[in-house]
$ cat upload_11.pdb   # PDB, C-alpha atoms
ATOM      1  CA  SER A   1      37.937 126.016  77.675
ATOM      2  CA  SER A   2      35.875 125.396  80.772
ATOM      3  CA  ILE A   3      32.168 126.062  81.127
ATOM      4  CA  VAL A   4      31.093 127.588  84.397
ATOM      5  CA  SER A   5      27.517 126.809  85.400
ATOM      6  CA  SER A   6      25.531 128.896  87.799
ATOM      7  CA  PRO A   7      24.552 127.089  91.039
ATOM      8  CA  SER A   8      20.856 127.062  90.129
ATOM      9  CA  GLU A   9      21.550 124.935  87.045
ATOM     10  CA  TYR A  10      22.832 121.940  88.952
ATOM     11  CA  ASN A  11      21.377 122.552  92.407
ATOM     12  CA  PRO A  12      17.667 123.311  92.182
ATOM     13  CA  LEU A  13      17.461 123.870  95.931
ATOM     14  CA  ASP A  14      20.375 126.345  95.892
ATOM     15  CA  GLU A  15      21.945 124.363  98.703
ATOM     16  CA  PRO A  16      25.462 122.938  98.814
ATOM     17  CA  SER A  17      25.570 119.283  97.811
ATOM     18  CA  PRO A  18      26.940 117.118 100.636
ATOM     19  CA  LEU A  19      28.813 114.881  98.189
ATOM     20  CA  GLY A  20      29.809 117.579  95.769
ATOM     21  CA  LEU A  21      27.661 115.986  93.050
ATOM     22  CA  ARG A  22      25.860 118.003  90.457
ATOM     23  CA  LEU A  23      22.227 117.297  89.509
ATOM     24  CA  ARG A  24      21.401 118.528  86.052
ATOM     25  CA  LYS A  25      17.667 118.920  85.313
ATOM     26  CA  SER A  26      17.611 117.789  81.711
ATOM     27  CA  PRO A  27      14.218 117.831  79.886
ATOM     28  CA  SER A  28      14.294 114.031  79.531
ATOM     29  CA  LEU A  29      14.778 113.554  83.280
ATOM     30  CA  LEU A  30      11.914 115.897  84.135
ATOM     31  CA  GLU A  31       9.686 114.139  81.602
ATOM     32  CA  LEU A  32      10.515 110.724  83.067
ATOM     33  CA  ILE A  33       9.752 111.916  86.600
ATOM     34  CA  GLN A  34       6.443 113.395  85.454
ATOM     35  CA  ILE A  35       5.437 110.138  83.700
ATOM     36  CA  LYS A  36       6.266 108.033  86.756
ATOM     37  CA  LEU A  37       4.339 110.345  89.074
ATOM     38  CA  SER A  38       1.266 110.355  86.845
ATOM     39  CA  GLN A  39       1.349 106.553  86.483
ATOM     40  CA  GLY A  40       1.559 106.093  90.232
ATOM     41  CA  SER A  41      -1.290 108.524  90.837
ATOM     42  CA  ALA A  42      -3.513 106.923  88.195
ATOM     43  CA  GLY A  43      -2.805 103.452  89.555
ATOM     44  CA  THR A  44      -3.722 104.500  93.085
ATOM     45  CA  GLN A  45      -6.916 106.205  91.935
ATOM     46  CA  SER A  46      -8.048 103.227  89.860
ATOM     47  CA  HIS A  47      -7.336 100.869  92.776
ATOM     48  CA  VAL A  48      -9.357 103.041  95.160
ATOM     49  CA  LYS A  49     -12.203 103.367  92.655
ATOM     50  CA  LYS A  50     -12.221  99.613  92.063
ATOM     51  CA  GLU A  51     -12.360  98.877  95.787
ATOM     52  CA  ALA A  52     -15.096 101.443  96.358
ATOM     53  CA  LYS A  53     -17.141 100.140  93.453
ATOM     54  CA  SER A  54     -16.926  96.507  94.528
ATOM     55  CA  GLY A  55     -17.684  97.444  98.125
ATOM     56  CA  VAL A  56     -20.850  99.321  97.184
ATOM     57  CA  SER A  57     -22.163  96.625  94.881
ATOM     58  CA  SER A  58     -21.593  93.761  97.324
ATOM     59  CA  GLY A  59     -23.012  95.814 100.191
ATOM     60  CA  ASP A  60     -26.127  96.688  98.213
ATOM     61  CA  LYS A  61     -26.536  93.094  97.161
ATOM     62  CA  LEU A  62     -26.599  91.797 100.749
ATOM     63  CA  LYS A  63     -28.626  94.586 102.308
ATOM     64  CA  ALA A  64     -32.095  93.373 103.324
ATOM     65  CA  SER A  65     -35.029  94.980 101.567
ATOM     66  CA  ASN A  66     -38.565  95.456 102.824
ATOM     67  CA  PHE A  67     -41.813  96.821 101.472
ATOM     68  CA  PRO A  68     -45.368  97.144 102.802
ATOM     69  CA  GLY A  69     -48.097  94.738 101.764
ATOM     70  CA  SER A  70     -51.826  95.357 101.579
ATOM     71  CA  VAL A  71     -53.130  91.759 101.783
ATOM     72  CA  LEU A  72     -51.550  88.456 102.867
ATOM     73  CA  ARG A  73     -53.607  85.312 102.283
ATOM     74  CA  ILE A  74     -52.736  81.735 103.261
ATOM     75  CA  GLY A  75     -55.555  79.220 102.871
ATOM     76  CA  ASN A  76     -58.593  80.631 104.654
ATOM     77  CA  TRP A  77     -56.482  83.015 106.753
ATOM     78  CA  GLU A  78     -56.237  86.589 105.527
ATOM     79  CA  TYR A  79     -54.537  89.667 106.942
ATOM     80  CA  LYS A  80     -55.519  93.046 105.510
ATOM     81  CA  SER A  81     -53.356  96.075 106.193
ATOM     82  CA  ARG A  82     -55.150  98.891 107.995
ATOM     83  CA  TYR A  83     -52.203 101.030 109.104
ATOM     84  CA  GLU A  84     -48.813 101.840 107.639
ATOM     85  CA  GLY A  85     -46.269  99.220 108.696
ATOM     86  CA  ASP A  86     -48.706  96.607 110.050
ATOM     87  CA  LEU A  87     -47.970  94.207 107.141
ATOM     88  CA  VAL A  88     -44.404  94.123 105.823
ATOM     89  CA  ALA A  89     -42.609  91.748 103.462
ATOM     90  CA  LYS A  90     -38.859  91.404 104.008
ATOM     91  CA  CYS A  91     -36.175  89.760 101.923
ATOM     92  CA  TYR A  92     -32.871  88.845 103.594
ATOM     93  CA  PHE A  93     -30.293  88.358 100.847
ATOM     94  CA  ALA A  94     -27.448  87.262 103.125
ATOM     95  CA  LYS A  95     -29.600  84.765 105.068
ATOM     96  CA  HIS A  96     -31.651  83.618 102.034
ATOM     97  CA  LYS A  97     -34.969  84.158 103.786
ATOM     98  CA  LEU A  98     -38.341  85.612 102.861
ATOM     99  CA  VAL A  99     -40.381  86.959 105.775
ATOM    100  CA  TRP A 100     -43.927  88.211 106.344
ATOM    101  CA  GLU A 101     -44.339  90.425 109.416
ATOM    102  CA  VAL A 102     -47.806  91.283 110.732
ATOM    103  CA  LEU A 103     -48.840  93.388 113.701
ATOM    104  CA  ASP A 104     -51.059  91.654 116.246
ATOM    105  CA  GLY A 105     -52.145  93.297 119.491
ATOM    106  CA  GLY A 106     -49.227  95.719 119.582
ATOM    107  CA  LEU A 107     -46.593  93.022 118.942
ATOM    108  CA  LYS A 108     -45.287  91.654 115.664
ATOM    109  CA  ASN A 109     -45.657  88.086 114.428
ATOM    110  CA  LYS A 110     -43.589  86.776 111.559
ATOM    111  CA  ILE A 111     -43.591  83.867 109.141
ATOM    112  CA  GLU A 112     -40.106  82.889 107.998
ATOM    113  CA  ILE A 113     -39.523  81.099 104.683
ATOM    114  CA  GLN A 114     -36.200  79.673 103.502
ATOM    115  CA  TRP A 115     -35.518  80.359  99.815
ATOM    116  CA  SER A 116     -34.599  76.687  99.423
ATOM    117  CA  ASP A 117     -38.140  75.719 100.535
ATOM    118  CA  ILE A 118     -39.782  77.670  97.698
ATOM    119  CA  MET A 119     -40.900  75.281  94.952
ATOM    120  CA  ALA A 120     -42.817  77.748  92.767
ATOM    121  CA  LEU A 121     -43.351  81.495  92.608
ATOM    122  CA  LYS A 122     -44.882  84.056  90.323
ATOM    123  CA  ALA A 123     -44.896  87.835  90.500
ATOM    124  CA  ASP A 124     -47.062  90.277  88.611
ATOM    125  CA  TYR A 125     -46.537  94.027  88.902
ATOM    126  CA  PRO A 126     -48.375  95.956  86.179
ATOM    127  CA  ASP A 127     -47.976  99.713  85.776
ATOM    128  CA  ASP A 128     -51.682 100.311  86.273
ATOM    129  CA  GLY A 129     -52.580  98.040  89.179
ATOM    130  CA  PRO A 130     -51.464  96.367  92.418
ATOM    131  CA  GLY A 131     -48.532  93.961  92.492
ATOM    132  CA  THR A 132     -49.092  90.328  93.458
ATOM    133  CA  LEU A 133     -46.686  87.627  94.587
ATOM    134  CA  ASP A 134     -47.606  83.927  94.663
ATOM    135  CA  VAL A 135     -45.252  81.625  96.574
ATOM    136  CA  VAL A 136     -45.596  77.842  96.960
ATOM    137  CA  LEU A 137     -43.620  76.035  99.657
ATOM    138  CA  ALA A 138     -42.213  72.524  99.836
ATOM    139  CA  ARG A 139     -41.980  72.629 103.652
ATOM    140  CA  GLN A 140     -43.840  74.366 106.431
ATOM    141  CA  PRO A 141     -42.509  77.808 107.385
ATOM    142  CA  LEU A 142     -41.361  78.874 110.853
ATOM    143  CA  PHE A 143     -43.374  81.125 113.168
ATOM    144  CA  PHE A 144     -42.067  83.761 115.581
ATOM    145  CA  ARG A 145     -43.457  86.416 117.919
ATOM    146  CA  GLU A 146     -41.835  89.629 119.061
ATOM    147  CA  THR A 147     -40.697  89.593 122.675
ATOM    148  CA  ASN A 148     -39.737  92.381 125.081
ATOM    149  CA  PRO A 149     -39.787  95.263 122.568
ATOM    150  CA  GLN A 150     -37.371  98.113 123.334
ATOM    151  CA  PRO A 151     -37.323 101.544 121.658
ATOM    152  CA  ARG A 152     -34.551 101.987 119.068
ATOM    153  CA  LYS A 153     -33.303  98.420 119.518
ATOM    154  CA  HIS A 154     -33.366  95.384 117.250
ATOM    155  CA  THR A 155     -36.488  93.254 117.477
ATOM    156  CA  LEU A 156     -36.091  90.126 119.600
ATOM    157  CA  TRP A 157     -38.009  87.056 118.452
ATOM    158  CA  GLN A 158     -39.039  83.804 120.057
ATOM    159  CA  ALA A 159     -40.409  80.738 118.310
ATOM    160  CA  THR A 160     -44.167  80.431 118.577
ATOM    161  CA  SER A 161     -47.038  78.305 117.318
ATOM    162  CA  ASP A 162     -48.859  78.911 114.045
ATOM    163  CA  PHE A 163     -50.789  82.164 114.547
ATOM    164  CA  THR A 164     -52.832  81.709 111.339
ATOM    165  CA  GLY A 165     -55.188  79.193 112.928
ATOM    166  CA  GLY A 166     -53.215  76.323 111.413
ATOM    167  CA  GLU A 167     -53.658  77.540 107.821
ATOM    168  CA  ALA A 168     -49.945  78.226 107.172
ATOM    169  CA  SER A 169     -49.021  74.819 108.606
ATOM    170  CA  MET A 170     -51.417  73.136 106.194
ATOM    171  CA  ASN A 171     -51.460  75.247 103.003
ATOM    172  CA  ARG A 172     -48.482  75.465 100.665
ATOM    173  CA  ARG A 173     -49.541  78.633  98.881
ATOM    174  CA  HIS A 174     -48.923  82.194 100.128
ATOM    175  CA  TYR A 175     -50.458  85.143  98.304
ATOM    176  CA  LEU A 176     -49.235  88.713  98.880
ATOM    177  CA  GLN A 177     -50.728  91.834  97.347
ATOM    178  CA  CYS A 178     -48.961  95.212  97.337
ATOM    179  CA  CYS A 179     -49.785  98.707  96.227
ATOM    180  CA  GLN A 180     -48.809  99.705  92.706
ATOM    181  CA  GLY A 181     -45.086 100.303  92.139
ATOM    182  CA  LEU A 182     -43.783  98.613  95.310
ATOM    183  CA  LEU A 183     -43.057  95.010  94.318
ATOM    184  CA  GLY A 184     -41.072  95.229  91.081
ATOM    185  CA  LYS A 185     -37.604  96.396  92.129
ATOM    186  CA  HIS A 186     -37.509  94.109  95.195
ATOM    187  CA  PHE A 187     -38.583  91.042  93.227
ATOM    188  CA  GLU A 188     -36.060  91.747  90.460
ATOM    189  CA  LYS A 189     -33.272  92.080  93.032
ATOM    190  CA  LEU A 190     -34.284  88.708  94.476
ATOM    191  CA  MET A 191     -34.150  87.152  90.997
ATOM    192  CA  GLN A 192     -30.640  88.541  90.444
ATOM    193  CA  CYS A 193     -29.447  87.009  93.706
ATOM    194  CA  ASP A 194     -30.846  83.497  93.248
ATOM    195  CA  PRO A 195     -30.713  81.770  89.829
ATOM    196  CA  ARG A 196     -32.978  78.929  90.995
ATOM    197  CA  LEU A 197     -35.783  81.279  92.014
ATOM    198  CA  ASP A 198     -35.285  83.226  88.795
ATOM    199  CA  TYR A 199     -35.735  79.988  86.839
ATOM    200  CA  LEU A 200     -38.880  79.083  88.801
ATOM    201  CA  SER A 201     -40.398  82.515  88.202
ATOM    202  CA  ARG A 202     -39.952  82.164  84.421
ATOM    203  CA  ARG A 203     -41.646  78.784  84.041
ATOM    204  CA  ARG A 204     -44.562  79.002  81.631
ATOM    205  CA  GLU A 205     -46.869  76.881  83.731
ATOM    206  CA  GLY A 206     -46.516  79.425  86.541
ATOM    207  CA  VAL A 207     -47.750  78.311  89.948
ATOM    208  CA  THR A 208     -49.394  74.904  89.704
ATOM    209  CA  LEU A 209     -50.154  72.589  92.600
ATOM    210  CA  ASP A 210     -50.510  68.824  92.645
ATOM    211  CA  SER A 211     -51.946  69.340  96.104
ATOM    212  CA  PRO A 212     -52.593  72.645  97.914
ATOM    213  CA  TYR A 213     -51.624  71.009 101.219
ATOM    214  CA  PHE A 214     -48.424  69.807 102.830
ATOM    215  CA  GLU A 215     -48.080  66.057 103.152
ATOM    216  CA  THR A 216     -49.288  64.851 106.528
ATOM    217  CA  LYS A 217     -46.606  63.143 108.572
TER
END
$ encode --input "upload_11.pdb" --output "structure tokens"
Amino acid sequence: SSIVSSPSEYNPLDEPSPLGLRLRKSPSLLELIQIKLSQGSAGTQSHVKKEAKSGVSSGDKLKASNFPGSVLRIGNWEYKSRYEGDLVAKCYFAKHKLVWEVLDGGLKNKIEIQWSDIMALKADYPDDGPGTLDVVLARQPLFFRETNPQPRKHTLWQATSDFTGGEASMNRRHYLQCCQGLLGKHFEKLMQCDPRLDYLSRRREGVTLDSPYFETK
């Protein structure tokens, strides 16, 4: 006896098969197709999520951070903030630089410190008081002054002489004070990015100086 199947059983599209072949939709075939589709979808999603996650974390890690300071003291030179944005500390994670920017006569000056030149540092940021950062340098920092400022454009800098009256060219120690709650997260990010600085910050002796001055050449 022959079994006659309706067209919909073997041709889900109800169209004539060009080769005269019959496609039977058995439960096992449908299940296999469903499994393969779900695996492919899950794999694509996890790959996209993984890429997005790694992209965000690496981008955040390299993005420069900045925060306002209230006092910057180097030797006998001291700069006290009077207006918002006139004293800013910046940390460049991709370039491994620490920068102090101060406003002077409408233009910005900056002191640039290489992380590799830091020989000691200590941060203190209590919940009930201002944050302080002590940094001791092995080599003299670099000095720059803003040139030809343009609205909504990146700051252009040119090398300049020591604008601290020679104090930053002579004294190893830089002291920065910030308002409560500003220093902590930036300092901790710096420690995560540089194991050597993290080690220096944890030393029990803290910031000690054999000599407060750079060696004279």
$ atom_distance --input "upload_11.pdb" --atom1 "atom CA of A:Phe143" --atom2 "atom CA of A:Tyr213"
17.7 Å
$ residues_around --input "upload_11.pdb" --residues "stretch 190-206 of chain A" --least-positions-apart "3" --cutoff "9 Å" --atoms "all atoms listed in the file" --output "count of residues only"
16
$ atom_distance --input "upload_11.pdb" --atom1 "atom CA of A:Thr164" --atom2 "atom CA of A:Gly181"
27.8 Å
$ residues_around --input "upload_11.pdb" --residues "A:Gly85" --least-positions-apart "6" --cutoff "10 Å" --atoms "all atoms listed in the file" --output "ChimeraX atom specification"
/A:67-70,101-103
$ atom_distance --input "upload_11.pdb" --atom1 "atom CA of A:Asn109" --atom2 "atom CA of A:Gly131"
22.9 Å
$ closest_residue --input "upload_11.pdb" --among "A:Val71, A:Ile33, A:Cys179, A:Val135" --to "A:Pro212" --atoms "all atoms listed in the file"
A:Val135
$ closest_residue --input "upload_11.pdb" --among "A:Glu78, A:Glu31, A:Asp210, A:Asp86" --to "A:Val136" --atoms "all atoms listed in the file"
A:Asp210
$ residues_around --input "upload_11.pdb" --residues "A:Arg173" --least-positions-apart "2" --cutoff "12 Å" --atoms "all atoms listed in the file" --output "PyMOL selection string"
chain A and resi 72-77+113+117-122+133-141+167-171+175-176+207-214
$ closest_residue --input "upload_11.pdb" --among "A:His174, A:Lys153, A:Arg145, A:Lys80" --to "A:Gly106" --atoms "only C-alpha atoms"
A:Arg145
$ closest_residue --input "upload_11.pdb" --among "A:Lys110, A:Ile35, A:Lys95, A:Tyr125" --to "A:Cys178" --atoms "only C-alpha atoms"
A:Tyr125
$ closest_residue --input "upload_11.pdb" --among "A:Ser28, A:Asn66, A:Gln150, A:Ser81" --to "A:Leu182" --atoms "all atoms listed in the file"
A:Asn66
$ resolve_selection --input "upload_11.pdb" --expression "the PyMOL selection byres ((chain A and resi 147) around 8)" --output "PyMOL selection string"
chain A and resi 107+145-146+148-149+155-158
$ closest_residue --input "upload_11.pdb" --among "A:Phe144, A:Thr132, A:Lys36, A:Leu87" --to "A:Ile111" --atoms "only C-alpha atoms"
A:Phe144
$ axis_aligned_box --input "upload_11.pdb" --around "stretch 149-166 of chain A" --padding-each-side "8 Å" --output "JSON"
{"center_x": -44.2, "center_y": 89.2, "center_z": 117.3, "size_x": 37.9, "size_y": 41.7, "size_z": 28.0}
